[in-house]
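upload.txt (compact mmCIF, C-alpha atoms) appears below.
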```txt
# COMPACT_ATOMS: atom_id res chain seq x y z
CA MET A 1 0.00 0.00 0.00
CA LYS A 2 1.63 3.24 -1.14
CA PRO A 3 0.27 6.70 -0.31
CA ILE A 4 -0.01 9.36 -2.98
CA LEU A 5 1.66 11.72 -0.58
CA THR A 6 1.44 11.38 3.15
CA SER A 7 1.71 14.68 4.94
CA THR A 8 1.24 14.37 8.68
CA ALA A 9 2.27 17.81 9.79
CA LEU A 10 -0.26 17.95 12.61
CA GLY A 11 0.14 14.41 13.84
CA LEU A 12 1.00 15.39 17.39
CA VAL A 13 -2.68 16.12 17.88
CA ALA A 14 -2.58 12.40 18.46
CA VAL A 15 -0.31 12.68 21.48
CA VAL A 16 -2.20 15.67 22.83
CA LEU A 17 -5.52 13.85 22.66
CA ALA A 18 -3.92 10.74 24.11
CA GLY A 19 -3.97 12.33 27.55
CA SER A 20 -7.71 12.72 27.60
CA ALA A 21 -8.13 9.18 26.30
CA LEU A 22 -6.25 7.51 29.14
CA ALA A 23 -8.17 4.47 30.29
CA GLY A 24 -10.64 5.34 27.58
CA ALA A 25 -11.83 8.28 29.64
CA LEU A 26 -13.25 10.39 26.84
CA THR A 27 -16.01 12.80 27.79
CA PRO A 28 -19.36 12.40 26.01
CA GLU A 29 -18.46 15.44 23.89
CA GLU A 30 -15.12 13.87 22.95
CA GLN A 31 -16.79 10.56 22.14
CA ILE A 32 -19.23 12.26 19.76
CA GLU A 33 -16.50 14.36 18.14
CA THR A 34 -14.20 11.36 17.79
CA ARG A 35 -16.81 9.08 16.23
CA GLN A 36 -17.77 11.88 13.83
CA ALA A 37 -14.08 12.30 12.97
CA GLY A 38 -13.96 8.61 12.11
CA TYR A 39 -16.97 8.86 9.82
CA THR A 40 -15.66 12.04 8.22
CA PHE A 41 -12.33 10.39 7.48
CA MET A 42 -14.01 7.25 6.15
CA GLY A 43 -16.16 9.52 4.01
CA TRP A 44 -13.13 11.14 2.43
CA ASN A 45 -11.76 7.72 1.59
CA MET A 46 -15.10 6.53 0.22
CA GLY A 47 -15.05 9.61 -1.98
CA LYS A 48 -11.59 8.80 -3.29
CA ILE A 49 -12.68 5.29 -4.20
CA LYS A 50 -15.76 6.62 -6.00
CA ALA A 51 -13.62 9.16 -7.85
CA ASN A 52 -11.31 6.36 -8.97
CA LEU A 53 -14.25 4.23 -10.13
CA ASP A 54 -15.77 7.18 -12.01
CA GLY A 55 -12.49 8.41 -13.50
CA GLU A 56 -8.87 7.32 -13.78
CA TYR A 57 -8.26 4.25 -11.61
CA ASN A 58 -5.21 4.34 -9.34
CA PRO A 59 -5.03 0.92 -7.67
CA ASP A 60 -2.62 2.10 -4.98
CA GLN A 61 -4.88 5.00 -3.99
CA VAL A 62 -7.94 2.74 -3.90
CA ALA A 63 -6.13 0.10 -1.84
CA ALA A 64 -4.92 2.72 0.65
CA ALA A 65 -8.40 4.22 0.93
CA ALA A 66 -10.09 0.84 1.38
CA ASN A 67 -7.51 -0.19 3.96
CA THR A 68 -8.15 3.01 5.90
CA ILE A 69 -11.92 2.45 5.92
CA ALA A 70 -11.46 -1.14 7.09
CA ALA A 71 -9.04 -0.14 9.83
CA ILE A 72 -11.40 2.54 11.15
CA ALA A 73 -14.33 0.11 10.95
CA ASN A 74 -12.30 -2.32 13.05
CA SER A 75 -11.06 0.25 15.56
CA GLY A 76 -13.72 -0.35 18.17
CA MET A 77 -15.92 2.67 17.55
CA GLY A 78 -18.59 1.15 19.77
CA ALA A 79 -16.65 2.65 22.67
CA LEU A 80 -17.57 6.07 21.26
CA PHE A 81 -21.29 5.49 21.85
CA GLY A 82 -21.11 5.62 25.64
CA PRO A 83 -23.56 7.02 28.21
CA GLY A 84 -24.54 10.61 27.50
CA THR A 85 -23.74 10.43 23.79
CA ASP A 86 -27.33 9.72 22.69
CA LYS A 87 -28.13 13.41 22.24
CA ASP A 88 -26.47 16.78 21.63
CA VAL A 89 -24.04 17.79 24.37
CA GLY A 90 -23.79 21.56 24.56
CA SER A 91 -22.58 22.78 21.18
CA VAL A 92 -21.63 19.25 20.08
CA LYS A 93 -24.42 17.96 17.86
CA THR A 94 -25.19 14.36 16.98
CA ARG A 95 -27.66 12.90 14.51
CA VAL A 96 -27.84 9.56 16.29
CA LYS A 97 -31.33 8.42 17.29
CA PRO A 98 -31.71 7.48 20.97
CA GLU A 99 -33.27 4.22 19.72
CA LEU A 100 -29.78 3.03 18.80
CA PHE A 101 -28.92 2.74 22.47
CA GLN A 102 -31.95 0.57 23.16
CA ASN A 103 -31.16 -1.86 20.36
CA MET A 104 -27.47 -2.58 20.79
CA GLU A 105 -27.84 -6.23 19.83
CA GLU A 106 -29.22 -5.32 16.40
CA VAL A 107 -26.76 -2.44 16.11
CA GLY A 108 -23.96 -4.88 16.88
CA GLN A 109 -25.08 -7.07 13.97
CA LEU A 110 -25.38 -4.08 11.64
CA SER A 111 -21.91 -2.95 12.66
CA THR A 112 -20.52 -6.44 12.11
CA ASP A 113 -22.07 -6.41 8.63
CA PHE A 114 -20.40 -3.05 7.98
CA LYS A 115 -17.06 -4.31 9.24
CA ASP A 116 -17.31 -7.41 7.07
CA ALA A 117 -18.15 -5.29 4.00
CA ALA A 118 -15.23 -2.97 4.74
CA ASP A 119 -12.85 -5.91 5.20
CA ASN A 120 -14.08 -7.38 1.91
CA LEU A 121 -13.56 -4.09 0.07
CA ALA A 122 -10.00 -3.87 1.43
CA GLU A 123 -9.25 -7.41 0.30
CA VAL A 124 -10.74 -6.84 -3.15
CA ALA A 125 -9.02 -3.46 -3.55
CA ALA A 126 -5.66 -5.08 -2.85
CA GLU A 127 -6.20 -7.22 -5.96
CA GLY A 128 -6.71 -4.16 -8.17
CA ASP A 129 -9.75 -5.17 -10.24
CA PRO A 130 -11.98 -2.06 -10.65
CA GLY A 131 -15.06 -4.15 -11.46
CA ALA A 132 -14.75 -6.19 -8.29
CA VAL A 133 -14.04 -3.03 -6.30
CA LYS A 134 -17.19 -1.40 -7.68
CA THR A 135 -19.27 -4.33 -6.47
CA ALA A 136 -17.65 -4.42 -3.03
CA PHE A 137 -17.94 -0.63 -2.75
CA GLY A 138 -21.68 -0.82 -3.46
CA GLU A 139 -22.09 -3.54 -0.84
CA LEU A 140 -20.31 -1.37 1.70
CA GLY A 141 -22.64 1.54 0.92
CA GLN A 142 -25.63 -0.72 1.48
CA ALA A 143 -24.22 -1.79 4.85
CA CYS A 144 -24.00 1.89 5.82
CA LYS A 145 -27.58 2.55 4.72
CA ALA A 146 -28.95 -0.45 6.61
CA CYS A 147 -28.04 1.21 9.89
CA HIS A 148 -28.72 4.81 8.90
CA LYS A 149 -32.26 4.15 7.86
CA LYS A 150 -33.01 3.05 11.39
CA TYR A 151 -30.68 4.96 13.64
CA ARG A 152 -29.64 8.25 12.06
CA ALA A 153 -31.95 11.23 12.12
CA ASP A 154 -32.97 12.66 8.74
CA ASP A 155 -32.46 9.35 6.95
CA MET B 1 -7.16 -7.91 14.04
CA LYS B 2 -10.30 -8.11 16.17
CA PRO B 3 -12.21 -5.03 17.34
CA ILE B 4 -13.39 -4.73 20.93
CA LEU B 5 -16.76 -3.73 19.61
CA THR B 6 -17.27 -2.09 16.26
CA SER B 7 -20.33 0.09 16.14
CA THR B 8 -20.65 1.95 12.85
CA ALA B 9 -24.17 3.27 13.16
CA LEU B 10 -23.40 6.51 11.35
CA GLY B 11 -21.24 5.06 8.61
CA LEU B 12 -23.32 6.47 5.78
CA VAL B 13 -21.75 9.82 6.52
CA ALA B 14 -19.08 8.22 4.37
CA VAL B 15 -21.34 7.95 1.35
CA VAL B 16 -22.80 11.41 1.90
CA LEU B 17 -19.36 13.00 2.04
CA ALA B 18 -18.26 10.95 -0.92
CA GLY B 19 -20.23 13.23 -3.21
CA SER B 20 -18.26 16.29 -2.26
CA ALA B 21 -15.03 14.36 -2.66
CA LEU B 22 -15.63 13.33 -6.26
CA ALA B 23 -12.44 13.78 -8.26
CA GLY B 24 -10.90 14.85 -4.98
CA ALA B 25 -12.76 18.13 -5.21
CA LEU B 26 -12.81 19.01 -1.55
CA THR B 27 -13.11 22.70 -0.71
CA PRO B 28 -10.31 24.21 1.41
CA GLU B 29 -12.69 24.10 4.39
CA GLU B 30 -13.40 20.41 3.78
CA GLN B 31 -9.68 19.68 3.39
CA ILE B 32 -8.90 21.30 6.77
CA GLU B 33 -11.83 19.57 8.49
CA THR B 34 -10.93 16.21 6.96
CA ARG B 35 -7.24 16.36 7.90
CA GLN B 36 -8.22 17.40 11.42
CA ALA B 37 -10.63 14.45 11.53
CA GLY B 38 -7.74 12.16 10.63
CA TYR B 39 -5.54 13.56 13.40
CA THR B 40 -8.40 13.42 15.90
CA PHE B 41 -9.06 9.78 15.07
CA MET B 42 -5.37 8.91 15.22
CA GLY B 43 -5.26 10.70 18.56
CA TRP B 44 -8.01 8.53 19.98
CA ASN B 45 -6.11 5.44 18.90
CA MET B 46 -2.83 6.77 20.30
CA GLY B 47 -4.69 7.28 23.56
CA LYS B 48 -5.94 3.71 23.59
CA ILE B 49 -2.42 2.39 23.07
CA LYS B 50 -1.12 4.58 25.90
CA ALA B 51 -3.94 3.40 28.16
CA ASN B 52 -3.02 -0.21 27.38
CA LEU B 53 0.66 0.44 28.11
CA ASP B 54 -0.19 2.20 31.38
CA GLY B 55 -2.82 -0.31 32.50
CA GLU B 56 -4.19 -3.68 31.44
CA TYR B 57 -2.75 -4.69 28.07
CA ASN B 58 -5.23 -5.94 25.46
CA PRO B 59 -3.15 -7.03 22.45
CA ASP B 60 -6.14 -7.07 20.10
CA GLN B 61 -7.12 -3.51 21.01
CA VAL B 62 -3.53 -2.30 20.63
CA ALA B 63 -3.14 -4.04 17.27
CA ALA B 64 -6.40 -2.56 15.98
CA ALA B 65 -5.42 0.91 17.18
CA ALA B 66 -1.93 0.72 15.67
CA ASN B 67 -3.33 -0.60 12.39
CA THR B 68 -5.77 2.33 12.26
CA ILE B 69 -3.02 4.88 12.85
CA ALA B 70 -0.86 3.28 10.15
CA ALA B 71 -3.73 3.17 7.66
CA ILE B 72 -4.57 6.85 8.22
CA ALA B 73 -0.88 7.77 7.98
CA ASN B 74 -0.78 5.97 4.62
CA SER B 75 -4.04 7.40 3.30
CA GLY B 76 -2.51 10.26 1.35
CA MET B 77 -3.28 13.13 3.71
CA GLY B 78 -0.97 15.36 1.70
CA ALA B 79 -3.95 15.91 -0.59
CA LEU B 80 -5.63 17.67 2.35
CA PHE B 81 -3.01 20.44 2.40
CA GLY B 82 -4.06 22.04 -0.87
CA PRO B 83 -4.15 25.70 -1.95
CA GLY B 84 -6.08 27.89 0.46
CA THR B 85 -5.61 25.57 3.44
CA ASP B 86 -2.62 27.42 4.87
CA LYS B 87 -4.79 29.65 7.06
CA ASP B 88 -8.21 29.79 8.73
CA VAL B 89 -11.09 29.67 6.25
CA GLY B 90 -14.12 31.41 7.72
CA SER B 91 -15.02 29.61 10.92
CA VAL B 92 -12.73 26.69 10.09
CA LYS B 93 -9.53 27.18 12.07
CA THR B 94 -6.15 25.58 11.40
CA ARG B 95 -2.97 25.63 13.46
CA VAL B 96 -0.74 24.90 10.48
CA LYS B 97 2.06 27.40 9.88
CA PRO B 98 2.19 28.85 6.35
CA GLU B 99 5.88 27.86 6.33
CA LEU B 100 4.81 24.24 5.84
CA PHE B 101 3.67 25.07 2.34
CA GLN B 102 7.04 26.59 1.44
CA ASN B 103 8.98 23.55 2.63
CA MET B 104 7.14 20.62 1.12
CA GLU B 105 10.32 18.67 0.43
CA GLU B 106 11.25 18.64 4.12
CA VAL B 107 7.62 18.08 5.10
CA GLY B 108 7.53 15.13 2.74
CA GLN B 109 10.52 13.62 4.55
CA LEU B 110 8.98 14.28 7.96
CA SER B 111 5.74 12.67 6.81
CA THR B 112 7.62 9.68 5.43
CA ASP B 113 9.34 9.32 8.80
CA PHE B 114 5.93 9.44 10.49
CA LYS B 115 4.51 6.87 8.11
CA ASP B 116 7.48 4.58 8.69
CA ALA B 117 7.11 4.90 12.48
CA ALA B 118 3.37 4.17 12.20
CA ASP B 119 3.99 1.14 9.99
CA ASN B 120 6.59 -0.11 12.46
CA LEU B 121 4.21 0.31 15.40
CA ALA B 122 1.52 -1.64 13.53
CA GLU B 123 3.97 -4.46 12.79
CA VAL B 124 5.23 -4.57 16.37
CA ALA B 125 1.72 -4.38 17.83
CA ALA B 126 0.68 -7.38 15.76
CA GLU B 127 3.31 -9.40 17.64
CA GLY B 128 1.82 -8.52 21.02
CA ASP B 129 4.93 -7.63 23.06
CA PRO B 130 4.08 -4.61 25.28
CA GLY B 131 7.75 -3.67 25.73
CA ALA B 132 8.38 -3.51 22.01
CA VAL B 133 5.13 -1.61 21.52
CA LYS B 134 6.17 0.94 24.15
CA THR B 135 9.40 1.61 22.25
CA ALA B 136 7.68 1.86 18.87
CA PHE B 137 4.96 4.07 20.36
CA GLY B 138 7.60 6.45 21.72
CA GLU B 139 9.31 6.59 18.34
CA LEU B 140 6.01 7.43 16.70
CA GLY B 141 5.44 10.27 19.17
CA GLN B 142 8.87 11.65 18.34
CA ALA B 143 8.05 11.55 14.63
CA CYS B 144 4.95 13.63 15.36
CA LYS B 145 6.92 16.15 17.39
CA ALA B 146 9.61 16.54 14.73
CA CYS B 147 7.07 18.11 12.41
CA HIS B 148 5.02 19.97 15.01
CA LYS B 149 7.96 21.85 16.41
CA LYS B 150 8.45 23.43 13.00
CA TYR B 151 5.06 23.59 11.38
CA ARG B 152 2.31 23.74 13.98
CA ALA B 153 1.50 26.97 15.76
CA ASP B 154 1.84 26.97 19.56
CA ASP B 155 4.41 24.17 19.52
```
What is this file in structure tokens?
Amino acid sequence: MKPILTSTALGLVAVVLAGSALAGALTPEEQIETRQAGYTFMGWNMGKIKANLDGEYNPDQVAAAANTIAAIANSGMGALFGPGTDKDVGSVKTRVKPELFQNMEEVGQLSTDFKDAADNLAEVAAEGDPGAVKTAFGELGQACKACHKKYRADD
Amino acid sequence: MKPILTSTALGLVAVVLAGSALAGALTPEEQIETRQAGYTFMGWNMGKIKANLDGEYNPDQVAAAANTIAAIANSGMGALFGPGTDKDVGSVKTRVKPELFQNMEEVGQLSTDFKDAADNLAEVAAEGDPGAVKTAFGELGQACKACHKKYRADD
């Protein structure tokens, strides 16, 4: 997996945030902001894959993007849906429906389906066949929608 | 790599954002927000690794966190430092110093060093030895600092 260009000039944000994450002790605000950061970053990588499928196909860029989505999907984001994160917290807004927190068993299955679809896309992307990537990319999008229809407001 | 619990209830944000990322056409605001999302998410995973090193060590959680950091580091974040992202854009603030954009060759080397340190941490974490992870984690933190001292404001 080769990056186009990896510029990590602000990477120490990582170390700064690490303090507040000790023992997983993120505040509800931090949990909401962190899970949204994960979805935003996955979204950017989904967009790169779509751009490759719609235009010139760079297998290295697609593989890196798919690997990033899979890694984030497997990073344990469930820990970012803790107590107090089922609604806006001060100026930190969330679109999650409170119902999500009453249906964690189903949500767990939906998230496993998403993880499996992300893992499959990463495996397919590593092989470099655009047609297979298009199929796996569509399946991943469907796995997203399956949860959003039920548990994200305005969907 | 096994997640503790992967809950991806809002994953369709990915597909929504994908539209604006077609052909990589992110606005300067979106580029700043997306790179900050990447650093925020890496920060959460750095924090989990530190928590594991300071407390009870869960090799699966550490491996997943290290893999996520490495994937983000290899995702081509350089594309998120485009024209117009060297300063605040409206309400979107950035701590990057304009000097970064005049020293891309050095920044490229610093980012390669960061990527290498992240890849090394992911490889070491997969082996499950806390002592080796502690060393690789420290090296990764140093790679962050090397760039921040020069190119992030307030460092």
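When the distance limit is 9 Å and only C-alpha atoms are what count, the residues near stretch 80-97 of chain B, minus those fewer than 6 positions from it on the same chain, are Ser7, Ala9 and Leu10 of chain A; Leu26, Thr27, Pro28, Glu29, Glu30, Gln31, Ile32, Glu33, Thr34, Arg35, Gln36, His148, Lys150, Tyr151, Arg152, Ala153 and Asp154 of chain B.
Atom pair atom CA of B:Ile69 / atom CA of B:Val124 has a distance of 13.0 Å (rounded to one decimal).
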Item to complete: Rounded to one decimal place, report the atom CA of B:Lys149-atom CA of A:Ala64 distance in Å.
Response: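 Rounded to one decimal, the two atoms are 27.9 Å apart.
With atom CA of A:Cys147 on one side and atom CA of A:Asn120 on the other, the separation reads 18.2 Å.
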Exercise for review: Write out as a PyMOL selection string which residues come within 7 Å of B:Ala66 when counting all atoms listed in the file, dropping same-chain ones fewer than 4 positions away.
Suggested key: chain B and resi 62+70+121-122+125
Ref. answer, residues at most 9 Å from (6.9, 11.7, 16.6) with all atoms listed in the file, as a PyMOL selection string: (chain A and resi 11-12+15) or (chain B and resi 113-114+117+137-148)
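Distance check against chain A using all atoms listed in the file: of B:Asn45, B:Ala63, B:Gly128, B:Gly76, the minimum falls on B:Gly76.
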Find, counting only C-alpha atoms, the residue in B:Gln102, B:Thr135, B:Ser111, B:Thr68 that gets nearest to A:Gly38.
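Counting only C-alpha atoms, the residue closest to A:Gly38 is B:Thr68.
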Q | Option closest in space to chain B, from A:Ala65, A:Ala25, A:Ala132, A:Leu53 [counting all atoms listed in the file] | A |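 Among the listed residues, A:Ala65 lies closest to chain B.
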Mind filling out stretch 37-48 of chain A with all heavy atoms and sending it as a PDB file, keeping the file's coordinate frame?
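Okay, result_23.pdb is ready:
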```
ATOM      1  N   ALA A  37     -15.352  12.200  13.687  1.00  0.00           N
ATOM      2  CA  ALA A  37     -14.080  12.300  12.970  1.00  0.00           C
ATOM      3  C   ALA A  37     -13.823  11.016  12.177  1.00  0.00           C
ATOM      4  O   ALA A  37     -13.382  11.059  11.022  1.00  0.00           O
ATOM      5  CB  ALA A  37     -12.939  12.548  13.953  1.00  0.00           C
ATOM      6  N   GLY A  38     -14.138   9.887  12.804  1.00  0.00           N
ATOM      7  CA  GLY A  38     -13.960   8.610  12.110  1.00  0.00           C
ATOM      8  C   GLY A  38     -14.820   8.510  10.866  1.00  0.00           C
ATOM      9  O   GLY A  38     -14.361   8.086   9.800  1.00  0.00           O
ATOM     10  N   TYR A  39     -16.077   8.926  10.984  1.00  0.00           N
ATOM     11  CA  TYR A  39     -16.970   8.860   9.820  1.00  0.00           C
ATOM     12  C   TYR A  39     -16.570   9.868   8.755  1.00  0.00           C
ATOM     13  O   TYR A  39     -16.644   9.580   7.555  1.00  0.00           O
ATOM     14  CB  TYR A  39     -18.430   9.069  10.253  1.00  0.00           C
ATOM     15  CG  TYR A  39     -18.928   7.952  11.146  1.00  0.00           C
ATOM     16  CD1 TYR A  39     -19.396   8.214  12.427  1.00  0.00           C
ATOM     17  CD2 TYR A  39     -18.901   6.633  10.715  1.00  0.00           C
ATOM     18  CE1 TYR A  39     -19.824   7.177  13.252  1.00  0.00           C
ATOM     19  CE2 TYR A  39     -19.323   5.601  11.530  1.00  0.00           C
ATOM     20  CZ  TYR A  39     -19.780   5.880  12.801  1.00  0.00           C
ATOM     21  OH  TYR A  39     -20.190   4.851  13.619  1.00  0.00           O
ATOM     22  N   THR A  40     -16.128  11.043   9.188  1.00  0.00           N
ATOM     23  CA  THR A  40     -15.660  12.040   8.220  1.00  0.00           C
ATOM     24  C   THR A  40     -14.467  11.508   7.444  1.00  0.00           C
ATOM     25  O   THR A  40     -14.402  11.619   6.212  1.00  0.00           O
ATOM     26  CB  THR A  40     -15.254  13.336   8.944  1.00  0.00           C
ATOM     27  OG1 THR A  40     -16.424  13.921   9.523  1.00  0.00           O
ATOM     28  CG2 THR A  40     -14.611  14.337   7.988  1.00  0.00           C
ATOM     29  N   PHE A  41     -13.536  10.871   8.162  1.00  0.00           N
ATOM     30  CA  PHE A  41     -12.330  10.390   7.480  1.00  0.00           C
ATOM     31  C   PHE A  41     -12.653   9.185   6.589  1.00  0.00           C
ATOM     32  O   PHE A  41     -12.115   9.065   5.483  1.00  0.00           O
ATOM     33  CB  PHE A  41     -11.235  10.046   8.489  1.00  0.00           C
ATOM     34  CG  PHE A  41      -9.861  10.184   7.900  1.00  0.00           C
ATOM     35  CD1 PHE A  41      -9.297  11.438   7.715  1.00  0.00           C
ATOM     36  CD2 PHE A  41      -9.162   9.069   7.488  1.00  0.00           C
ATOM     37  CE1 PHE A  41      -8.046  11.568   7.136  1.00  0.00           C
ATOM     38  CE2 PHE A  41      -7.898   9.195   6.909  1.00  0.00           C
ATOM     39  CZ  PHE A  41      -7.341  10.447   6.730  1.00  0.00           C
ATOM     40  N   MET A  42     -13.568   8.335   7.039  1.00  0.00           N
ATOM     41  CA  MET A  42     -14.010   7.250   6.150  1.00  0.00           C
ATOM     42  C   MET A  42     -14.689   7.832   4.920  1.00  0.00           C
ATOM     43  O   MET A  42     -14.501   7.347   3.801  1.00  0.00           O
ATOM     44  CB  MET A  42     -14.955   6.296   6.893  1.00  0.00           C
ATOM     45  CG  MET A  42     -14.250   5.383   7.867  1.00  0.00           C
ATOM     46  SD  MET A  42     -15.252   3.966   8.426  1.00  0.00           S
ATOM     47  CE  MET A  42     -16.381   4.790   9.545  1.00  0.00           C
ATOM     48  N   GLY A  43     -15.453   8.902   5.126  1.00  0.00           N
ATOM     49  CA  GLY A  43     -16.160   9.520   4.010  1.00  0.00           C
ATOM     50  C   GLY A  43     -15.219  10.044   2.943  1.00  0.00           C
ATOM     51  O   GLY A  43     -15.463   9.881   1.736  1.00  0.00           O
ATOM     52  N   TRP A  44     -14.119  10.653   3.381  1.00  0.00           N
ATOM     53  CA  TRP A  44     -13.130  11.140   2.430  1.00  0.00           C
ATOM     54  C   TRP A  44     -12.567   9.984   1.610  1.00  0.00           C
ATOM     55  O   TRP A  44     -12.431  10.061   0.383  1.00  0.00           O
ATOM     56  CB  TRP A  44     -12.007  11.864   3.169  1.00  0.00           C
ATOM     57  CG  TRP A  44     -10.881  12.302   2.293  1.00  0.00           C
ATOM     58  CD1 TRP A  44     -10.975  13.071   1.163  1.00  0.00           C
ATOM     59  CD2 TRP A  44      -9.487  12.004   2.461  1.00  0.00           C
ATOM     60  NE1 TRP A  44      -9.718  13.267   0.630  1.00  0.00           N
ATOM     61  CE2 TRP A  44      -8.806  12.622   1.402  1.00  0.00           C
ATOM     62  CE3 TRP A  44      -8.771  11.279   3.423  1.00  0.00           C
ATOM     63  CZ2 TRP A  44      -7.417  12.533   1.268  1.00  0.00           C
ATOM     64  CZ3 TRP A  44      -7.401  11.205   3.292  1.00  0.00           C
ATOM     65  CH2 TRP A  44      -6.740  11.823   2.221  1.00  0.00           C
ATOM     66  N   ASN A  45     -12.324   8.875   2.288  1.00  0.00           N
ATOM     67  CA  ASN A  45     -11.760   7.720   1.590  1.00  0.00           C
ATOM     68  C   ASN A  45     -12.779   7.027   0.698  1.00  0.00           C
ATOM     69  O   ASN A  45     -12.438   6.545  -0.390  1.00  0.00           O
ATOM     70  CB  ASN A  45     -11.118   6.764   2.604  1.00  0.00           C
ATOM     71  CG  ASN A  45      -9.787   7.296   3.097  1.00  0.00           C
ATOM     72  OD1 ASN A  45      -8.776   7.192   2.409  1.00  0.00           O
ATOM     73  ND2 ASN A  45      -9.798   7.950   4.259  1.00  0.00           N
ATOM     74  N   MET A  46     -14.041   7.029   1.111  1.00  0.00           N
ATOM     75  CA  MET A  46     -15.100   6.530   0.220  1.00  0.00           C
ATOM     76  C   MET A  46     -15.142   7.397  -1.043  1.00  0.00           C
ATOM     77  O   MET A  46     -15.277   6.888  -2.164  1.00  0.00           O
ATOM     78  CB  MET A  46     -16.462   6.583   0.933  1.00  0.00           C
ATOM     79  CG  MET A  46     -16.617   5.620   2.087  1.00  0.00           C
ATOM     80  SD  MET A  46     -16.797   3.874   1.598  1.00  0.00           S
ATOM     81  CE  MET A  46     -18.536   3.847   1.097  1.00  0.00           C
ATOM     82  N   GLY A  47     -15.012   8.697  -0.837  1.00  0.00           N
ATOM     83  CA  GLY A  47     -15.050   9.610  -1.980  1.00  0.00           C
ATOM     84  C   GLY A  47     -13.906   9.374  -2.953  1.00  0.00           C
ATOM     85  O   GLY A  47     -14.088   9.456  -4.175  1.00  0.00           O
ATOM     86  N   LYS A  48     -12.730   9.072  -2.404  1.00  0.00           N
ATOM     87  CA  LYS A  48     -11.590   8.800  -3.290  1.00  0.00           C
ATOM     88  C   LYS A  48     -11.824   7.538  -4.112  1.00  0.00           C
ATOM     89  O   LYS A  48     -11.500   7.481  -5.302  1.00  0.00           O
ATOM     90  CB  LYS A  48     -10.306   8.675  -2.467  1.00  0.00           C
ATOM     91  CG  LYS A  48      -9.788  10.000  -1.969  1.00  0.00           C
ATOM     92  CD  LYS A  48      -8.433   9.843  -1.288  1.00  0.00           C
ATOM     93  CE  LYS A  48      -8.547   9.111   0.018  1.00  0.00           C
ATOM     94  NZ  LYS A  48      -7.239   9.010   0.732  1.00  0.00           N
TER      95      LYS A  48
END
```
